[in-house]
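Source file: query_10.pdb; contents: PDB, C-alpha atoms and all ligand atoms.
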```pdb
ATOM      1  CA  MET A 953    -154.164 -48.599-274.181
ATOM      2  CA  PRO A 954    -154.294 -45.430-272.138
ATOM      3  CA  ARG A 955    -151.576 -43.912-274.292
ATOM      4  CA  TYR A 956    -153.930 -44.323-277.275
ATOM      5  CA  GLY A 957    -156.884 -42.867-275.416
ATOM      6  CA  GLY A 958    -156.443 -39.465-276.994
ATOM      7  CA  LEU A 959    -156.230 -40.943-280.465
ATOM      8  CA  VAL A 960    -159.351 -43.038-279.906
ATOM      9  CA  TRP A 961    -161.180 -39.981-278.724
ATOM     10  CA  VAL A 962    -160.056 -38.001-281.783
ATOM     11  CA  ALA A 963    -161.022 -40.873-284.101
ATOM     12  CA  THR A 964    -164.421 -41.171-282.437
ATOM     13  CA  ALA A 965    -164.938 -37.437-282.728
ATOM     14  CA  LEU A 966    -164.000 -37.542-286.437
ATOM     15  CA  VAL A 967    -166.437 -40.397-287.070
ATOM     16  CA  ALA A 968    -169.150 -38.470-285.235
ATOM     17  CA  LEU A 969    -168.383 -35.347-287.236
ATOM     18  CA  ALA A 970    -168.453 -37.291-290.504
ATOM     19  CA  ALA A 971    -171.798 -38.812-289.536
ATOM     20  CA  ALA A 972    -173.149 -35.385-288.635
ATOM     21  CA  ALA A 973    -171.918 -34.006-291.961
ATOM     22  CA  GLY A 974    -173.599 -36.914-293.713
ATOM     23  CA  VAL A 975    -176.877 -36.199-291.979
ATOM     24  CA  LEU A 976    -176.491 -32.515-292.824
ATOM     25  CA  ALA A 977    -175.779 -33.326-296.482
ATOM     26  CA  TYR A 978    -178.801 -35.610-296.523
ATOM     27  CA  TRP A 979    -181.032 -32.846-295.250
ATOM     28  CA  VAL A 980    -179.543 -30.274-297.634
ATOM     29  CA  ASN A 981    -179.955 -32.646-300.578
ATOM     30  CA  ARG A 982    -183.402 -33.567-299.402
ATOM     31  CA  SER A 983    -184.477 -29.940-299.280
ATOM     32  CA  ARG A 984    -182.920 -29.346-302.717
ATOM     33  CA  ALA A 985    -184.806 -32.315-304.080
ATOM     34  CA  THR A 986    -187.948 -30.859-302.583
ATOM     35  CA  ALA A 987    -187.235 -27.557-304.316
ATOM     36  CA  ASN A 988    -186.706 -29.266-307.680
ATOM     37  CA  GLU A 989    -189.788 -31.422-307.407
ATOM     38  CA  PRO A 990    -191.601 -28.992-305.229
ATOM     39  CA  VAL A 991    -195.137 -30.086-305.286
ATOM     40  CA  ARG A 992    -195.351 -33.790-305.870
ATOM     41  CA  GLN A 993    -195.311 -34.572-302.186
ATOM     42  CA  ALA A 994    -196.329 -31.213-300.869
ATOM     43  CA  VAL A 995    -199.606 -30.225-302.536
ATOM     44  CA  SER A 996    -202.159 -29.359-299.925
ATOM     45  CA  VAL A 997    -205.667 -29.004-301.198
ATOM     46  CA  SER A 998    -208.900 -27.882-299.601
ATOM     47  CA  ALA A 999    -212.028 -29.793-298.646
ATOM     48  CA  GLU A1000    -213.991 -28.238-301.521
ATOM     49  CA  GLN A1001    -211.434 -29.510-304.058
ATOM     50  CA  ILE A1002    -211.574 -33.020-302.612
ATOM     51  CA  ARG A1003    -215.375 -32.898-302.662
ATOM     52  CA  ALA A1004    -215.403 -31.649-306.266
ATOM     53  CA  ALA A1005    -213.007 -34.399-307.379
ATOM     54  CA  ARG A1006    -215.238 -37.007-305.777
ATOM     55  CA  ASP A1007    -218.352 -35.580-307.421
ATOM     56  CA  LEU A1008    -216.667 -35.358-310.830
ATOM     57  CA  GLY A1009    -214.922 -38.715-310.585
ATOM     58  CA  CYS A1010    -211.513 -37.235-311.313
ATOM     59  CA  ASP A1011    -208.217 -36.715-309.508
ATOM     60  CA  VAL A1012    -207.779 -33.736-307.210
ATOM     61  CA  VAL A1013    -204.043 -33.652-308.002
ATOM     62  CA  GLN A1014    -202.437 -34.940-311.186
ATOM     63  CA  VAL A1015    -198.830 -35.161-312.305
ATOM     64  CA  MET A1016    -198.643 -34.479-316.053
ATOM     65  CA  ALA A1017    -195.485 -36.007-317.544
ATOM     66  CA  LEU A1018    -193.894 -33.798-320.189
ATOM     67  CA  GLY A1019    -191.041 -36.110-321.222
ATOM     68  CA  LYS A1020    -187.332 -35.626-320.498
ATOM     69  CA  GLY A1021    -188.064 -36.217-316.828
ATOM     70  CA  ALA A1022    -190.123 -33.066-316.399
ATOM     71  CA  ASN A1023    -193.604 -32.958-314.895
ATOM     72  CA  ILE A1024    -196.254 -30.365-314.249
ATOM     73  CA  THR A1025    -198.339 -30.892-311.131
ATOM     74  CA  LEU A1026    -201.965 -29.904-311.643
ATOM     75  CA  VAL A1027    -204.601 -29.195-309.028
ATOM     76  CA  LEU A1028    -208.350 -29.333-309.563
ATOM     77  CA  ILE A1029    -210.100 -25.978-309.555
ATOM     78  CA  PRO A1030    -213.731 -26.578-308.584
ATOM     79  CA  THR A1031    -216.708 -24.715-310.015
ATOM     80  CA  GLY A1032    -218.021 -21.781-308.032
ATOM     81  CA  GLY A1033    -218.636 -18.083-307.874
ATOM     82  CA  PHE A1034    -216.648 -15.124-306.640
ATOM     83  CA  THR A1035    -216.507 -11.361-306.711
ATOM     84  CA  MET A1036    -214.074 -10.337-309.447
ATOM     85  CA  GLY A1037    -212.236  -7.031-309.166
ATOM     86  CA  SER A1038    -211.652  -4.895-306.110
ATOM     87  CA  PRO A1039    -213.758  -2.578-303.963
ATOM     88  CA  ALA A1040    -213.041   1.144-304.255
ATOM     89  CA  SER A1041    -211.625   1.039-300.729
ATOM     90  CA  GLU A1042    -208.783  -1.403-301.536
ATOM     91  CA  VAL A1043    -205.308   0.064-301.000
ATOM     92  CA  GLY A1044    -203.375   0.491-304.247
ATOM     93  CA  ARG A1045    -206.399  -0.215-306.372
ATOM     94  CA  PHE A1046    -206.709   0.921-310.016
ATOM     95  CA  GLU A1047    -209.939   2.108-311.634
ATOM     96  CA  ARG A1048    -209.740  -0.731-314.190
ATOM     97  CA  GLU A1049    -210.336  -3.263-311.378
ATOM     98  CA  GLY A1050    -213.881  -2.077-311.039
ATOM     99  CA  PRO A1051    -216.699  -2.378-310.719
ATOM    100  CA  ALA A1052    -216.308  -5.439-308.556
ATOM    101  CA  HIS A1053    -218.842  -7.872-310.012
ATOM    102  CA  ALA A1054    -220.153 -11.398-309.498
ATOM    103  CA  VAL A1055    -218.619 -14.044-311.768
ATOM    104  CA  SER A1056    -219.259 -17.756-311.910
ATOM    105  CA  VAL A1057    -216.860 -20.411-313.131
ATOM    106  CA  SER A1058    -219.129 -23.188-314.288
ATOM    107  CA  ARG A1059    -216.579 -25.664-315.609
ATOM    108  CA  ALA A1060    -214.019 -27.279-313.347
ATOM    109  CA  PHE A1061    -210.484 -27.353-314.726
ATOM    110  CA  TYR A1062    -206.937 -28.129-313.721
ATOM    111  CA  LEU A1063    -204.359 -25.444-313.120
ATOM    112  CA  GLY A1064    -200.596 -25.794-312.740
ATOM    113  CA  ALA A1065    -199.627 -25.763-309.073
ATOM    114  CA  THR A1066    -196.648 -23.633-310.096
ATOM    115  CA  GLU A1067    -195.596 -21.276-312.814
ATOM    116  CA  VAL A1068    -193.946 -23.098-315.741
ATOM    117  CA  THR A1069    -190.277 -23.616-314.890
ATOM    118  CA  GLN A1070    -187.229 -23.464-317.135
ATOM    119  CA  ALA A1071    -186.940 -27.283-316.999
ATOM    120  CA  GLN A1072    -190.584 -27.706-318.010
ATOM    121  CA  TRP A1073    -190.232 -25.161-320.820
ATOM    122  CA  LYS A1074    -187.112 -26.838-322.207
ATOM    123  CA  ALA A1075    -188.705 -30.295-322.033
ATOM    124  CA  VAL A1076    -191.600 -29.129-324.210
ATOM    125  CA  MET A1077    -190.109 -26.459-326.483
ATOM    126  CA  SER A1078    -186.359 -27.231-326.547
ATOM    127  CA  THR A1079    -185.746 -23.466-326.426
ATOM    128  CA  THR A1080    -184.428 -21.045-323.802
ATOM    129  CA  PRO A1081    -186.047 -17.631-324.379
ATOM    130  CA  TRP A1082    -184.429 -16.239-321.217
ATOM    131  CA  ARG A1083    -180.855 -17.026-322.295
ATOM    132  CA  ALA A1084    -178.602 -13.968-322.731
ATOM    133  CA  GLN A1085    -181.508 -11.746-321.692
ATOM    134  CA  LEU A1086    -181.875  -9.406-318.746
ATOM    135  CA  HIS A1087    -182.609 -11.069-315.373
ATOM    136  CA  PRO A1088    -182.808 -14.756-316.356
ATOM    137  CA  GLY A1089    -183.687 -17.253-313.635
ATOM    138  CA  ARG A1090    -180.800 -19.016-311.931
ATOM    139  CA  ALA A1091    -181.638 -22.656-312.469
ATOM    140  CA  ASP A1092    -183.929 -25.247-313.966
ATOM    141  CA  ASP A1093    -186.475 -24.881-311.201
ATOM    142  CA  ALA A1094    -186.788 -21.110-311.634
ATOM    143  CA  ALA A1095    -189.922 -19.797-313.301
ATOM    144  CA  ALA A1096    -189.387 -19.393-317.057
ATOM    145  CA  ASN A1097    -189.361 -15.724-318.049
ATOM    146  CA  HIS A1098    -188.956 -13.659-321.226
ATOM    147  CA  ILE A1099    -192.011 -15.518-322.499
ATOM    148  CA  SER A1100    -194.240 -13.599-324.918
ATOM    149  CA  TRP A1101    -197.964 -14.347-325.058
ATOM    150  CA  TYR A1102    -197.453 -15.993-328.451
ATOM    151  CA  ASP A1103    -194.672 -18.151-326.968
ATOM    152  CA  ALA A1104    -196.947 -19.076-324.060
ATOM    153  CA  VAL A1105    -199.752 -20.101-326.418
ATOM    154  CA  ASP A1106    -197.241 -22.106-328.473
ATOM    155  CA  PHE A1107    -196.199 -23.946-325.327
ATOM    156  CA  CYS A1108    -199.831 -24.851-324.636
ATOM    157  CA  ARG A1109    -200.472 -25.930-328.237
ATOM    158  CA  THR A1110    -197.325 -28.038-328.321
ATOM    159  CA  LEU A1111    -198.339 -29.774-325.104
ATOM    160  CA  THR A1112    -201.876 -30.286-326.406
ATOM    161  CA  ALA A1113    -200.516 -31.968-329.547
ATOM    162  CA  LYS A1114    -198.055 -34.047-327.561
ATOM    163  CA  LEU A1115    -200.356 -35.237-324.797
ATOM    164  CA  GLY A1116    -203.774 -35.170-326.424
ATOM    165  CA  ARG A1117    -205.104 -33.036-323.582
ATOM    166  CA  LYS A1118    -206.514 -29.535-323.933
ATOM    167  CA  VAL A1119    -203.809 -27.347-322.459
ATOM    168  CA  ARG A1120    -204.322 -23.578-322.618
ATOM    169  CA  LEU A1121    -203.807 -20.356-320.735
ATOM    170  CA  PRO A1122    -206.397 -19.613-318.041
ATOM    171  CA  THR A1123    -208.897 -16.862-318.717
ATOM    172  CA  GLU A1124    -208.510 -13.730-316.645
ATOM    173  CA  ALA A1125    -211.587 -14.721-314.619
ATOM    174  CA  GLU A1126    -210.328 -18.262-314.042
ATOM    175  CA  TRP A1127    -206.979 -16.870-312.955
ATOM    176  CA  GLU A1128    -208.397 -14.459-310.393
ATOM    177  CA  TYR A1129    -210.856 -17.076-309.105
ATOM    178  CA  ALA A1130    -208.026 -19.578-308.606
ATOM    179  CA  CYS A1131    -205.676 -16.970-307.149
ATOM    180  CA  ARG A1132    -208.254 -15.936-304.551
ATOM    181  CA  ALA A1133    -209.181 -19.535-303.647
ATOM    182  CA  GLY A1134    -212.064 -18.134-301.640
ATOM    183  CA  SER A1135    -210.359 -14.951-300.425
ATOM    184  CA  SER A1136    -212.195 -11.673-300.870
ATOM    185  CA  GLY A1137    -209.182  -9.713-299.627
ATOM    186  CA  ALA A1138    -206.399  -7.982-301.494
ATOM    187  CA  PHE A1139    -204.338 -11.179-301.348
ATOM    188  CA  CYS A1140    -205.084 -14.913-301.255
ATOM    189  CA  PHE A1141    -204.519 -14.861-297.480
ATOM    190  CA  GLY A1142    -206.448 -11.665-296.696
ATOM    191  CA  ASP A1143    -205.508  -8.006-296.507
ATOM    192  CA  ASP A1144    -202.455  -7.837-294.254
ATOM    193  CA  VAL A1145    -199.579  -6.865-296.530
ATOM    194  CA  GLN A1146    -197.127  -7.858-293.795
ATOM    195  CA  GLU A1147    -197.910 -11.498-294.590
ATOM    196  CA  LEU A1148    -197.080 -11.186-298.284
ATOM    197  CA  SER A1149    -193.449 -12.186-297.817
ATOM    198  CA  GLN A1150    -194.559 -15.664-296.735
ATOM    199  CA  TYR A1151    -196.385 -16.162-300.024
ATOM    200  CA  ALA A1152    -194.532 -14.195-302.659
ATOM    201  CA  TRP A1153    -191.288 -13.019-304.174
ATOM    202  CA  PHE A1154    -191.782  -9.307-304.722
ATOM    203  CA  SER A1155    -189.874  -6.045-304.319
ATOM    204  CA  GLY A1156    -190.118  -6.325-300.524
ATOM    205  CA  ASN A1157    -188.030  -9.497-300.259
ATOM    206  CA  ARG A1158    -186.004 -10.022-303.390
ATOM    207  CA  PRO A1159    -182.470 -11.124-302.470
ATOM    208  CA  ALA A1160    -180.830  -7.845-303.533
ATOM    209  CA  LEU A1161    -182.176  -4.554-304.772
ATOM    210  CA  ALA A1162    -180.828  -5.099-308.280
ATOM    211  CA  ASP A1163    -181.688  -8.803-308.371
ATOM    212  CA  ARG A1164    -184.922  -9.164-310.277
ATOM    213  CA  ARG A1165    -184.474 -12.700-311.537
ATOM    214  CA  PRO A1166    -187.320 -15.169-311.010
ATOM    215  CA  GLN A1167    -186.763 -17.470-308.061
ATOM    216  CA  ALA A1168    -187.282 -21.217-307.916
ATOM    217  CA  VAL A1169    -190.999 -21.950-307.836
ATOM    218  CA  ALA A1170    -192.849 -23.219-304.772
ATOM    219  CA  LEU A1171    -190.440 -21.957-302.127
ATOM    220  CA  LYS A1172    -193.182 -19.834-300.576
ATOM    221  CA  GLU A1173    -196.517 -20.819-299.066
ATOM    222  CA  PRO A1174    -199.264 -21.914-301.491
ATOM    223  CA  ASN A1175    -202.776 -20.509-301.425
ATOM    224  CA  ARG A1176    -205.701 -22.550-300.066
ATOM    225  CA  TRP A1177    -206.016 -24.470-303.334
ATOM    226  CA  GLY A1178    -202.375 -25.550-303.457
ATOM    227  CA  LEU A1179    -201.231 -22.916-305.973
ATOM    228  CA  TYR A1180    -197.753 -21.452-305.463
ATOM    229  CA  ASP A1181    -196.505 -17.976-306.376
ATOM    230  CA  VAL A1182    -199.878 -16.597-307.483
ATOM    231  CA  HIS A1183    -198.504 -13.339-306.098
ATOM    232  CA  GLY A1184    -195.151 -12.252-307.491
ATOM    233  CA  ASN A1185    -192.183 -14.140-309.011
ATOM    234  CA  VAL A1186    -193.336 -13.879-312.649
ATOM    235  CA  ARG A1187    -196.476 -12.368-314.110
ATOM    236  CA  GLU A1188    -198.715 -14.985-315.678
ATOM    237  CA  TRP A1189    -200.237 -14.588-319.112
ATOM    238  CA  CYS A1190    -203.991 -15.071-319.471
ATOM    239  CA  GLN A1191    -205.989 -15.858-322.620
ATOM    240  CA  ASP A1192    -207.929 -12.602-322.700
ATOM    241  CA  TRP A1193    -207.374  -9.423-324.622
ATOM    242  CA  TYR A1194    -207.088  -6.554-322.182
ATOM    243  CA  ASP A1195    -209.823  -3.930-322.000
ATOM    244  CA  GLU A1196    -209.729  -1.455-319.147
ATOM    245  CA  SER A1197    -213.518  -1.031-319.162
ATOM    246  CA  PHE A1198    -214.426  -4.691-319.676
ATOM    247  CA  TYR A1199    -215.766  -5.120-316.145
ATOM    248  CA  GLN A1200    -218.509  -2.596-316.891
ATOM    249  CA  ARG A1201    -220.091  -5.036-319.362
ATOM    250  CA  SER A1202    -218.627  -8.395-318.379
ATOM    251  CA  PRO A1203    -221.022 -11.345-318.496
ATOM    252  CA  ALA A1204    -221.474 -13.040-315.147
ATOM    253  CA  GLU A1205    -220.762 -16.544-316.385
ATOM    254  CA  GLY A1206    -217.326 -17.567-317.618
ATOM    255  CA  PRO A1207    -216.199 -14.229-319.102
ATOM    256  CA  VAL A1208    -213.438 -14.507-321.705
ATOM    257  CA  GLY A1209    -212.644 -10.842-322.379
ATOM    258  CA  PRO A1210    -213.243  -8.822-325.559
ATOM    259  CA  VAL A1211    -212.876 -10.402-329.012
ATOM    260  CA  SER A1212    -209.944  -8.232-330.028
ATOM    261  CA  GLY A1213    -207.435  -5.785-328.620
ATOM    262  CA  THR A1214    -203.815  -4.720-328.667
ATOM    263  CA  GLU A1215    -202.634  -6.069-325.307
ATOM    264  CA  LYS A1216    -203.102  -9.332-323.471
ATOM    265  CA  VAL A1217    -203.737  -9.667-319.749
ATOM    266  CA  GLU A1218    -201.011 -10.782-317.375
ATOM    267  CA  ARG A1219    -201.673 -11.304-313.700
ATOM    268  CA  GLY A1220    -200.175 -11.562-310.247
ATOM    269  CA  GLY A1221    -197.189  -9.227-310.393
ATOM    270  CA  TRP A1222    -193.519 -10.235-310.483
ATOM    271  CA  SER A1223    -190.455 -10.215-308.264
ATOM    272  CA  GLY A1224    -189.716  -6.552-309.018
ATOM    273  CA  ASP A1225    -193.246  -5.345-308.264
ATOM    274  CA  GLU A1226    -194.456  -3.478-305.213
ATOM    275  CA  ALA A1227    -196.914  -5.383-303.024
ATOM    276  CA  GLU A1228    -199.864  -3.430-304.417
ATOM    277  CA  HIS A1229    -199.117  -4.691-307.922
ATOM    278  CA  CYS A1230    -199.236  -8.303-306.727
ATOM    279  CA  ARG A1231    -202.844  -8.107-305.460
ATOM    280  CA  CYS A1232    -205.438 -10.663-306.628
ATOM    281  CA  ALA A1233    -207.411  -8.028-308.535
ATOM    282  CA  MET A1234    -204.454  -6.232-310.142
ATOM    283  CA  ARG A1235    -204.787  -6.300-313.928
ATOM    284  CA  GLY A1236    -201.460  -6.200-315.765
ATOM    285  CA  TYR A1237    -201.291  -6.039-319.547
ATOM    286  CA  LEU A1238    -198.705  -6.125-322.303
ATOM    287  CA  ARG A1239    -198.572  -6.441-326.071
ATOM    288  CA  PRO A1240    -198.594 -10.165-326.908
ATOM    289  CA  GLU A1241    -195.392 -10.050-328.952
ATOM    290  CA  TYR A1242    -193.355  -8.738-326.016
ATOM    291  CA  GLY A1243    -191.587 -11.237-323.792
ATOM    292  CA  PHE A1244    -190.017  -9.270-320.968
ATOM    293  CA  TYR A1245    -188.262 -10.517-317.876
ATOM    294  CA  ALA A1246    -191.439 -10.117-315.853
ATOM    295  CA  SER A1247    -193.501 -12.437-318.066
ATOM    296  CA  GLY A1248    -194.103 -16.155-317.580
ATOM    297  CA  LEU A1249    -197.078 -18.475-317.490
ATOM    298  CA  ARG A1250    -199.058 -21.115-315.660
ATOM    299  CA  VAL A1251    -201.089 -23.635-317.654
ATOM    300  CA  ALA A1252    -204.743 -24.596-317.412
ATOM    301  CA  VAL A1253    -205.848 -28.057-318.563
ATOM    302  CA  GLU A1254    -209.453 -28.775-319.435
ATOM    303  CA  ILE A1255    -211.325 -31.713-317.993
ATOM    304  CA  GLU A1256    -213.043 -33.494-320.822
ATOM    305  CA  GLY A1257    -216.265 -35.460-320.820
ATOM    306  CA  LYS A1258    -218.728 -35.600-317.972
ATOM    307  CA  ALA A1259    -216.182 -34.546-315.390
ATOM    308  CA  GLY A1260    -215.693 -31.151-317.052
ATOM    309  CA  ARG A1261    -219.327 -30.135-316.827
TER     310      ARG A1261
HETATM  311 CA    CA A1301    -196.679 -15.474-310.305
END
```
Output the structure of this file as structure tokens.
Ligand SMILES: [Ca+2]
Amino acid sequence: MPRYGGLVWVATALVALAAAAGVLAYWVNRSRATANEPVRQAVSVSAEQIRAARDLGCDVVQVMALGKGANITLVLIPTGGFTMGSPASEVGRFEREGPAHAVSVSRAFYLGATEVTQAQWKAVMSTTPWRAQLHPGRADDAAANHISWYDAVDFCRTLTAKLGRKVRLPTEAEWEYACRAGSSGAFCFGDDVQELSQYAWFSGNRPALADRRPQAVALKEPNRWGLYDVHGNVREWCQDWYDESFYQRSPAEGPVGPVSGTEKVERGGWSGDEAEHCRCAMRGYLRPEYGFYASGLRVAVEIEGKAGR
């Protein structure tokens, strides 16, 4: 027996190594699975969302099945008021973000916890607008990009027809309200730009200087309302026509932008943007027919009946 002692030891060590590798593979696969289905288990919502859901008699988090195994996780955005725009003192601020003004959102709605991913887009549209374009995302769980405003609206209309629910782009006011989630700072977490890397893919932390592709969604911290990547990754189309002076005459309740224009609003900045361009109040805009690598979307879903009031 002693002459086999070395062999036994080696065999035991190999078994232990194999077991360790198995555990490692389990954890790697587990974290990959979490990245692919990022929010089903991991949505963290706030007390005001839970309270609103109870009052309205609706879910605080919903998983909307799209077919082909794809889902969009939605979180409830409660009614409330906020100050839209930025104060003149905010670093990196543009004139078009002012005047900061009081806005109320008087209808609760659902908003996608993440930007629409490639897998979600393909499940609904059976197209790949990013293919053979500049800076496409790497995988199915990357945010869809190269989406024009018209494409984004088509996505919402197709989902509406398919599911019988009112799916649409958020208004600019709804977007900023949801992005802030109660924050009056430059970002959803406050004003300290040093923290941005925990919440966003932007020019300060993209994997390589020339790498501007969208990353997988929901790898960063969410805001207080469970929304991922509100800063950076891809810019998110809003319903509204862009008007640089709109805030000077904006109604206080549920503003929807001017009735016509030449550009549509996109919000939140993208992975190639400087931190300042990812601020809550930053107003991006682009002609609706253009679908550049920076452009993606996040869907809003209306709550119908009593619960929506
Ligand atoms: Ca974004």
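Those protein and nucleic acid residues that have any atom within 8 Å of ligand CA 1301 (chain A) are, using all atoms listed in the file, Glu1067, Tyr1180, Asp1181, Val1182, His1183, Gly1184, Asn1185, Val1186, Arg1187, Glu1188, Arg1219, Gly1220, Gly1221, Trp1222, Gly1248 and Leu1249 of chain A.
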Of the candidates A:Glu1000, A:Glu1228, A:Asp1093, A:Glu1049, which one gets nearest to Asp1195 in chain A if we count all atoms listed in the file?
A:Glu1049
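Put simply, CA of Pro1088 in chain A is 16.3 Å away from CA of Asp1103 in chain A.
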List the spatial neighbours of range 1150-1161 of chain A as a ChimeraX atom specification - criterion: any atom at most 12 Å away, all atoms listed in the file, same-chain residues fewer than 5 positions off excluded.
/A:1094-1095,1131,1139-1142,1144-1145,1166-1176,1178-1187,1220-1231,1246
From the list A:Tyr1245, A:Tyr1199, A:Ile1002, A:Val1076, the nearest residue to Leu1115 in chain A using only C-alpha atoms is A:Val1076
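Each of A:Val1057, A:Leu1008, A:Val1119, A:Ala1075 was checked against Ala1022 in chain A using only C-alpha atoms; the smallest atom-to-atom distance is that of A:Ala1075.
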What does the distance between CA of Gln1191 in chain A and CA of Asp1011 in chain A come to in Å, to one decimal place?
24.7 Å
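Here CA of Ile1024 in chain A stands at a distance of 9.0 Å from CA of Val1251 in chain A.
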Within 12 Å of Ala999 in chain A, counting only C-alpha atoms, which residues qualify if same-chain residues fewer than 5 places away don't, as a ChimeraX atom specification?
/A:1004-1006,1012,1028-1030,1133,1176-1178
Selection dump of the PyMOL selection byres (((chain A and resi 1109) around 12) and not hetatm), as a PyMOL selection string
chain A and resi 1076-1077+1102-1108+1110-1121+1251-1253
Selection from above, C-alpha atoms, as a short mmCIF file (atom, residue, chain, number, x, y, z; two decimals), in the coordinates of the input, can you write it?
```cif
data_model
loop_
_atom_site.label_atom_id
_atom_site.label_comp_id
_atom_site.auth_asym_id
_atom_site.auth_seq_id
_atom_site.Cartn_x
_atom_site.Cartn_y
_atom_site.Cartn_z
CA VAL A 1076 -191.60 -29.13 -324.21
CA MET A 1077 -190.11 -26.46 -326.48
CA TYR A 1102 -197.45 -15.99 -328.45
CA ASP A 1103 -194.67 -18.15 -326.97
CA ALA A 1104 -196.95 -19.08 -324.06
CA VAL A 1105 -199.75 -20.10 -326.42
CA ASP A 1106 -197.24 -22.11 -328.47
CA PHE A 1107 -196.20 -23.95 -325.33
CA CYS A 1108 -199.83 -24.85 -324.64
CA THR A 1110 -197.32 -28.04 -328.32
CA LEU A 1111 -198.34 -29.77 -325.10
CA THR A 1112 -201.88 -30.29 -326.41
CA ALA A 1113 -200.52 -31.97 -329.55
CA LYS A 1114 -198.06 -34.05 -327.56
CA LEU A 1115 -200.36 -35.24 -324.80
CA GLY A 1116 -203.77 -35.17 -326.42
CA ARG A 1117 -205.10 -33.04 -323.58
CA LYS A 1118 -206.51 -29.54 -323.93
CA VAL A 1119 -203.81 -27.35 -322.46
CA ARG A 1120 -204.32 -23.58 -322.62
CA LEU A 1121 -203.81 -20.36 -320.74
CA VAL A 1251 -201.09 -23.64 -317.65
CA ALA A 1252 -204.74 -24.60 -317.41
CA VAL A 1253 -205.85 -28.06 -318.56
#
```
Please expand the PyMOL selection byres (((chain A and resi 1050) around 8) and not hetatm) into the concrete residues it hits in this file, giving the result as number ranges by chain.
A: 1037-1040, 1046-1049, 1051-1053, 1199-1200
Expected file contents, prior selection, C-alpha atoms, as a compact mmCIF listing (two decimals), in the frame of the given file:
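Output file again-v3.txt is given in full below:
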```
# COMPACT_ATOMS: atom_id res chain seq x y z
CA GLY A 1037 -212.24 -7.03 -309.17
CA SER A 1038 -211.65 -4.89 -306.11
CA PRO A 1039 -213.76 -2.58 -303.96
CA ALA A 1040 -213.04 1.14 -304.26
CA PHE A 1046 -206.71 0.92 -310.02
CA GLU A 1047 -209.94 2.11 -311.63
CA ARG A 1048 -209.74 -0.73 -314.19
CA GLU A 1049 -210.34 -3.26 -311.38
CA PRO A 1051 -216.70 -2.38 -310.72
CA ALA A 1052 -216.31 -5.44 -308.56
CA HIS A 1053 -218.84 -7.87 -310.01
CA TYR A 1199 -215.77 -5.12 -316.14
CA GLN A 1200 -218.51 -2.60 -316.89
```
Could you tell me which of A:Ser1100, A:Thr1031, A:Ser1078, A:Ser1136 comes closest to Glu1205 in chain A if we count all atoms listed in the file?
A:Thr1031
Dig up all the protein and nucleic acid residues within 7 Å of (-202.4, -32.7, -304.2) in the file frame, using only C-alpha atoms, and format them as a ChimeraX atom specification.
/A:995-997,1012-1013,1027
Of the candidates A:Cys1190, A:Cys1232, A:Val1015, A:Ala1162, which one gets nearest to Thr1123 in chain A if we count only C-alpha atoms?
A:Cys1190
Give me the result of the PyMOL selection byres (((chain A and resi 1239) around 9) and not hetatm) on this file, residue by residue, as number ranges by chain.
A: 1100-1101, 1214-1217, 1237-1238, 1240-1243
Is it possible to produce a file of range 1133-1143 of chain A from this structure, with N, CA and C atoms, as an mmCIF file, in the first residue's frame?
```cif
data_model
loop_
_atom_site.group_PDB
_atom_site.id
_atom_site.type_symbol
_atom_site.label_atom_id
_atom_site.label_comp_id
_atom_site.auth_asym_id
_atom_site.auth_seq_id
_atom_site.Cartn_x
_atom_site.Cartn_y
_atom_site.Cartn_z
ATOM 1 N N ALA A 1133 -35.094 59.035 -10.353
ATOM 2 C CA ALA A 1133 -35.597 58.198 -9.256
ATOM 3 C C ALA A 1133 -35.427 58.912 -7.911
ATOM 4 N N GLY A 1134 -35.759 60.180 -7.908
ATOM 5 C CA GLY A 1134 -35.689 60.962 -6.675
ATOM 6 C C GLY A 1134 -34.429 61.794 -6.527
ATOM 7 N N SER A 1135 -33.450 61.602 -7.396
ATOM 8 C CA SER A 1135 -32.198 62.362 -7.283
ATOM 9 C C SER A 1135 -32.368 63.760 -7.891
ATOM 10 N N SER A 1136 -31.850 64.748 -7.195
ATOM 11 C CA SER A 1136 -31.846 66.095 -7.784
ATOM 12 C C SER A 1136 -30.434 66.457 -8.236
ATOM 13 N N GLY A 1137 -29.531 65.491 -8.204
ATOM 14 C CA GLY A 1137 -28.149 65.729 -8.595
ATOM 15 C C GLY A 1137 -27.929 65.579 -10.093
ATOM 16 N N ALA A 1138 -26.674 65.640 -10.486
ATOM 17 C CA ALA A 1138 -26.340 65.490 -11.896
ATOM 18 C C ALA A 1138 -26.590 64.062 -12.374
ATOM 19 N N PHE A 1139 -26.481 63.114 -11.434
ATOM 20 C CA PHE A 1139 -26.654 61.698 -11.772
ATOM 21 C C PHE A 1139 -27.690 61.078 -10.827
ATOM 22 N N CYS A 1140 -28.097 59.856 -11.129
ATOM 23 C CA CYS A 1140 -29.136 59.205 -10.313
ATOM 24 C C CYS A 1140 -28.660 58.930 -8.895
ATOM 25 N N PHE A 1141 -27.351 58.982 -8.677
ATOM 26 C CA PHE A 1141 -26.780 58.699 -7.353
ATOM 27 C C PHE A 1141 -26.275 59.960 -6.668
ATOM 28 N N GLY A 1142 -26.393 61.108 -7.315
ATOM 29 C CA GLY A 1142 -25.897 62.358 -6.740
ATOM 30 C C GLY A 1142 -24.985 63.086 -7.714
ATOM 31 N N ASP A 1143 -24.013 63.791 -7.172
ATOM 32 C CA ASP A 1143 -23.182 64.658 -8.023
ATOM 33 C C ASP A 1143 -21.744 64.185 -8.201
#
```
